[in-house]
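One structure is given here, and the rest of the page talks about it.
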Amino acid sequence: MEFGALSSVYGTLVSTAIGMLIAVPLSLVIALFLVEIAPPSVSRFVGGAIELLAAIPSIIYGMWGLFVFAPFMADHVQPWLASIAPGMPLFQGPPMGIGMLSAGIILALMVLPFITSVTRDVFQMVPAVVKESAYGMGSTTWEVTRKVTIPYGIQGVVGACFLGLGRAIGETMAVTFVIGNRHEISTSLFAAGNSIASTLANEFTEASDDLYLAALIELGLVLFGVTLVLQLVARWWLRRTARKLGAVR
Amino acid sequence: MKQRSLIYRRGIDIVIRLISSLAALFGMAMLGWILSIVLLKGLPAINWEFFTELPAPPGMPGGGLANAIVGTLMITLLAGVIGVPIGLAAGVWLAEFGQQSKTAETIRFAANLLMGTPSIIIGVFIYVIMVMTTGNFSGIAGAVSLAVIMLPVVARTTEDILSLVPSALREAALALGVPRWKATLGVVFRAAKSGLLTGVLLAVARVSGETAPLLFTALNSPFWPESANEPTANLTVTIFNYAMSPYDDWQTLAWGASLLIAAGVLGTTILTRGFLWYRSK
């Protein structure tokens with residue numbers, strides 16, 4: 001028998017990439033809303049709700065993804081995507097709902113609260129005096145954000161994204177429910193695939209012989225190595241940033 | 001810098017404000033969507049049999065998940081019994097004794113890494129060291145894997161909470177000639193009691209919703225859990241198995257179990273957070 005990790009690694013990369021592409025900009029604007037735009041009472045409430053997204057167990061995301069979100073994607077989002085970009089290899093094939101795109105979107109939802117909360121903290125670290133001097137020059141909120149807050153906190157934001165990336169790559173249950181679990185590589189985002197974590201979740205108890213089991217454990221090792229490196233980079237980066245901003249911790 | 005009219009700048013500002021408000025609204029809407037679906041689909045499955053009966057074969061009326069409820073409680077409790085004392089002790093050491101030493105920094109770093117390790121990897125690890133060596137899946141292996149996940153969380157929360165206790169309290173106790181351990185247990189712990197309790201509760205609640213580490217440690221079982229040394233039924237793996245099955249009544253049971261898990265985890269989270277917030281006022 002032969003075992004290869006390519007389709008799993010590919011699926012992990014693609015679904016994570018989709019997730020991050022959606023989660024990063026969304027988290028940034030939500031953090032902006034929480035820190036700069038919303039009044040404190042609203043900010044506390046919305047911030048609490050966003051943090052609650054992180055408390056939902058991933059199996060609940062899986063249930064919702066499989067029975068509610070995937071049919072919604074199949075009925076509404078995927079036909080629409082196929083119609084606005086006809087002939088795009090990314091949006092080919094039957095709109096089944098389950099597949100890379102749905103898995104990526106759910107991943108985005110799951111890492112969103114992590115990136116948002118770190119970004120919010122980073123934005124709050126920007127000294128009020130610096131912001132106020134920009135406001136004093138007549139800047140609008142967006143100008144203060146773009147010219148002061150973001151340049152000041154950009155490194156912290158990058159660190160937050162790394163942390164989110166580490167989460168997304170290792171996420172298991174939600175992805176297993178919606179990715180479709182097929183050992184094939186397809187350019188279409190509508191196609192079913194698998195990720196390292198979903199392969200492990202699905203096949204571990206079925207591994208009949210030693211070599212199969214060893215192959216799966218090695219797949220786990222690959223995942224562990226990747227998340228370890230990502231985390232090391234993220235921690236190192238965040239620590240450097242915190243020191244630069246003069247924060248304790 | 002390019003000169004731009006005030007109207008243009010104001011316009012951009014309003015557009016950005018709108019986008020970011022909409023994004024926040026979107027996040028809230030998704031939360032609402034998920035929670036309402038779990039509630040809507042889960043409630044019909046919740047009845048007396050759900051809490052009292054063993055699962056029925058597909059097609060048969062009735063049947064519940066009593067064994068999985070008991071199993072989840074058992075595994076979570078066992079995980080707490082293993083993980084919480086070690087985590088607490090580690091946190092105490094970090095906050096009271098290790099402090100800024102090189103060893104403490106290394107342990108903190110390792111705890112952070114462990115916290116970010118995917119839970120399925122913990123499952124594989126426990127499979128190799130406990131299931132492969134003993135030759136069978138067991139509830140205790142599931143509990144150990146949950147304890148490993150809980151450990152760094154409890155340690156770091158404990159440390160954070162203990163470091164909030166003013167050093168004047170410690171010094172006052174030590175100045176009276178109280179030994180260090182007594183000062184820690186009798187003064188620092190007492191001052192931090194409610195914080196520690198909520199921290200531990202949050203950690204336990206979080207792991208009770210975990211699925212991936214149980215998939216190939218505790219496995220699942222259609223029977224009552226009789227000992228911790230055999231495959232043990234639990235709610236989360238049951239949700240996974242039943243959701244993937246083609247039977248409608250099993251899927252309904254899976255929704256019921258989802259509601260139970262979500263209510264348990266989110267309920268504990270909201271209550272403890274609310275309590276912390278109320279106290280900090």
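By order in the structure tokens, chains are A, B, ...; within a chain, residues start at 1; ligands start at 1, following the order shown.
Residues in contact range of stretch 86-89 of chain A, defined as at most 12 Å between only C-alpha atoms, with sequence neighbours fewer than 2 positions away removed, read Gln78, Pro79, Trp80, Leu81, Ala82, Ser83, Ile84, Phe91, Gln92, Gly93, Ser186, Thr187, Ser188, Leu189, Phe190 and Ala191 of chain A.
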Problem set entry | Non-local contacts of stretch 59-68 of chain A (10 Å; only C-alpha atoms; under 3 positions in same chain excluded) as JSON, numbers by chain | {"A": [53, 56, 71, 72, 73, 97, 98, 102, 103, 105, 106, 107, 109, 110, 172, 173, 174, 175, 176, 177, 178, 179, 180], "B": [33, 34, 35, 37, 38, 41, 209, 210, 211, 212, 236, 237, 239, 240, 243, 244, 251, 254, 255, 257, 258, 259, 261, 262]}
Take the residues from that selection and write them out as an mmCIF file, in the first residue's frame, keeping C-alpha atoms.
```cif
data_model
loop_
_atom_site.group_PDB
_atom_site.id
_atom_site.type_symbol
_atom_site.label_atom_id
_atom_site.label_comp_id
_atom_site.auth_asym_id
_atom_site.auth_seq_id
_atom_site.Cartn_x
_atom_site.Cartn_y
_atom_site.Cartn_z
ATOM 1 C CA LEU A 53 -18.105 32.923 19.016
ATOM 2 C CA ILE A 56 -18.864 27.700 20.836
ATOM 3 C CA PRO A 71 -27.314 23.762 2.042
ATOM 4 C CA PHE A 72 -27.448 27.565 2.205
ATOM 5 C CA MET A 73 -24.190 27.743 0.236
ATOM 6 C CA GLY A 97 -22.520 23.073 -0.493
ATOM 7 C CA ILE A 98 -19.912 20.970 1.248
ATOM 8 C CA SER A 102 -17.676 26.231 2.959
ATOM 9 C CA ALA A 103 -14.921 24.819 5.157
ATOM 10 C CA ILE A 105 -15.788 30.264 5.514
ATOM 11 C CA ILE A 106 -16.526 28.349 8.704
ATOM 12 C CA LEU A 107 -12.835 28.471 9.627
ATOM 13 C CA LEU A 109 -15.860 32.463 11.612
ATOM 14 C CA MET A 110 -13.962 30.360 14.114
ATOM 15 C CA THR A 172 -10.602 19.525 13.205
ATOM 16 C CA MET A 173 -14.269 18.888 13.782
ATOM 17 C CA ALA A 174 -15.894 21.781 11.954
ATOM 18 C CA VAL A 175 -13.734 21.108 8.897
ATOM 19 C CA THR A 176 -14.356 17.365 9.018
ATOM 20 C CA PHE A 177 -18.103 17.965 8.891
ATOM 21 C CA VAL A 178 -18.128 20.198 5.834
ATOM 22 C CA ILE A 179 -15.033 19.599 3.735
ATOM 23 C CA GLY A 180 -16.404 16.447 2.093
ATOM 24 C CA TRP B 33 -27.848 32.327 13.482
ATOM 25 C CA ILE B 34 -25.815 29.478 14.968
ATOM 26 C CA LEU B 35 -27.372 29.717 18.418
ATOM 27 C CA ILE B 37 -30.436 26.962 14.832
ATOM 28 C CA VAL B 38 -29.041 24.866 17.677
ATOM 29 C CA LYS B 41 -33.296 21.947 15.984
ATOM 30 C CA GLY B 209 -17.133 20.518 24.418
ATOM 31 C CA GLU B 210 -14.016 18.992 22.854
ATOM 32 C CA THR B 211 -14.485 16.224 20.322
ATOM 33 C CA ALA B 212 -11.259 15.649 18.441
ATOM 34 C CA THR B 236 -19.487 14.955 21.400
ATOM 35 C CA VAL B 237 -18.326 11.818 19.596
ATOM 36 C CA ILE B 239 -22.882 13.942 17.786
ATOM 37 C CA PHE B 240 -20.195 13.264 15.190
ATOM 38 C CA ALA B 243 -24.668 13.442 12.350
ATOM 39 C CA MET B 244 -22.736 11.435 9.762
ATOM 40 C CA GLN B 251 -29.598 13.172 13.417
ATOM 41 C CA ALA B 254 -27.355 14.633 17.483
ATOM 42 C CA TRP B 255 -29.104 18.039 17.493
ATOM 43 C CA ALA B 257 -26.886 16.542 22.138
ATOM 44 C CA SER B 258 -25.567 19.672 20.393
ATOM 45 C CA LEU B 259 -28.050 21.808 22.291
ATOM 46 C CA ILE B 261 -23.291 20.720 24.909
ATOM 47 C CA ALA B 262 -23.731 24.271 23.620
#
```
Could you please select, counting only C-alpha atoms, the residues of chain B within 6 Å of chain A and state them as an mmCIF file with all heavy atoms, in the first residue's frame?
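The result, written out as iface.cif:
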```
data_model
loop_
_atom_site.group_PDB
_atom_site.id
_atom_site.type_symbol
_atom_site.label_atom_id
_atom_site.label_comp_id
_atom_site.auth_asym_id
_atom_site.auth_seq_id
_atom_site.Cartn_x
_atom_site.Cartn_y
_atom_site.Cartn_z
ATOM 1 N N ASP B 13 -14.669 58.589 5.583
ATOM 2 C CA ASP B 13 -14.811 58.261 6.993
ATOM 3 C C ASP B 13 -16.148 57.572 7.261
ATOM 4 O O ASP B 13 -16.209 56.554 7.945
ATOM 5 C CB ASP B 13 -14.686 59.547 7.818
ATOM 6 C CG ASP B 13 -14.564 59.228 9.301
ATOM 7 O OD1 ASP B 13 -13.708 58.409 9.638
ATOM 8 O OD2 ASP B 13 -15.337 59.798 10.092
ATOM 9 N N SER B 20 -17.400 49.019 9.015
ATOM 10 C CA SER B 20 -16.984 48.328 10.230
ATOM 11 C C SER B 20 -18.179 48.048 11.133
ATOM 12 O O SER B 20 -18.219 47.013 11.795
ATOM 13 C CB SER B 20 -15.865 49.083 10.942
ATOM 14 O OG SER B 20 -16.368 50.063 11.762
ATOM 15 N N ALA B 23 -19.688 44.986 9.687
ATOM 16 C CA ALA B 23 -18.907 43.789 10.000
ATOM 17 C C ALA B 23 -19.228 43.302 11.406
ATOM 18 O O ALA B 23 -19.398 42.095 11.636
ATOM 19 C CB ALA B 23 -17.417 44.071 9.860
ATOM 20 N N ALA B 24 -19.304 44.252 12.349
ATOM 21 C CA ALA B 24 -19.637 43.866 13.723
ATOM 22 C C ALA B 24 -21.025 43.244 13.764
ATOM 23 O O ALA B 24 -21.257 42.226 14.421
ATOM 24 C CB ALA B 24 -19.564 45.080 14.640
ATOM 25 N N PRO B 118 -3.083 21.843 18.256
ATOM 26 C CA PRO B 118 -4.416 21.358 17.879
ATOM 27 C C PRO B 118 -4.829 20.191 18.754
ATOM 28 O O PRO B 118 -4.008 19.324 19.062
ATOM 29 C CB PRO B 118 -4.219 20.904 16.432
ATOM 30 C CG PRO B 118 -3.029 21.615 15.940
ATOM 31 C CD PRO B 118 -2.159 21.860 17.121
ATOM 32 N N GLY B 209 -16.597 20.476 25.775
ATOM 33 C CA GLY B 209 -17.133 20.518 24.418
ATOM 34 C C GLY B 209 -16.177 19.974 23.373
ATOM 35 O O GLY B 209 -16.471 19.999 22.188
#
```
For this session: Rank nothing, just name the residue among A:Val148, A:Met96, A:Ala214, A:Leu238 nearest to A:Phe162, using only C-alpha atoms.
Result: A:Leu238
For this session: Could you please write out, as a ChimeraX atom specification, every residue of stretch 2-181 of chain A that DSSP assigns to alpha helix (DSSP H)?
Result: /A:6-32,40-55,58-64,70-72,78-84,100-125,128-136,141-144,150-170,173-178
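Taking atom CA of B:Gln100 and atom CA of B:Ala147 as endpoints, the distance between them is 26.2 Å.
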Problem set entry | Surrounding residues of B:Ala79 excluding itself and chain neighbours under 6 positions, 10 Å, only C-alpha atoms, as a list in words | Leu73, Gly139, Ile140, Ala141, Gly142, Ala143, Val144, Ser145, Leu146, Ala147, Val148, Ile149, Met150, Leu151, Val204, Val207 and Ser208 of chain B
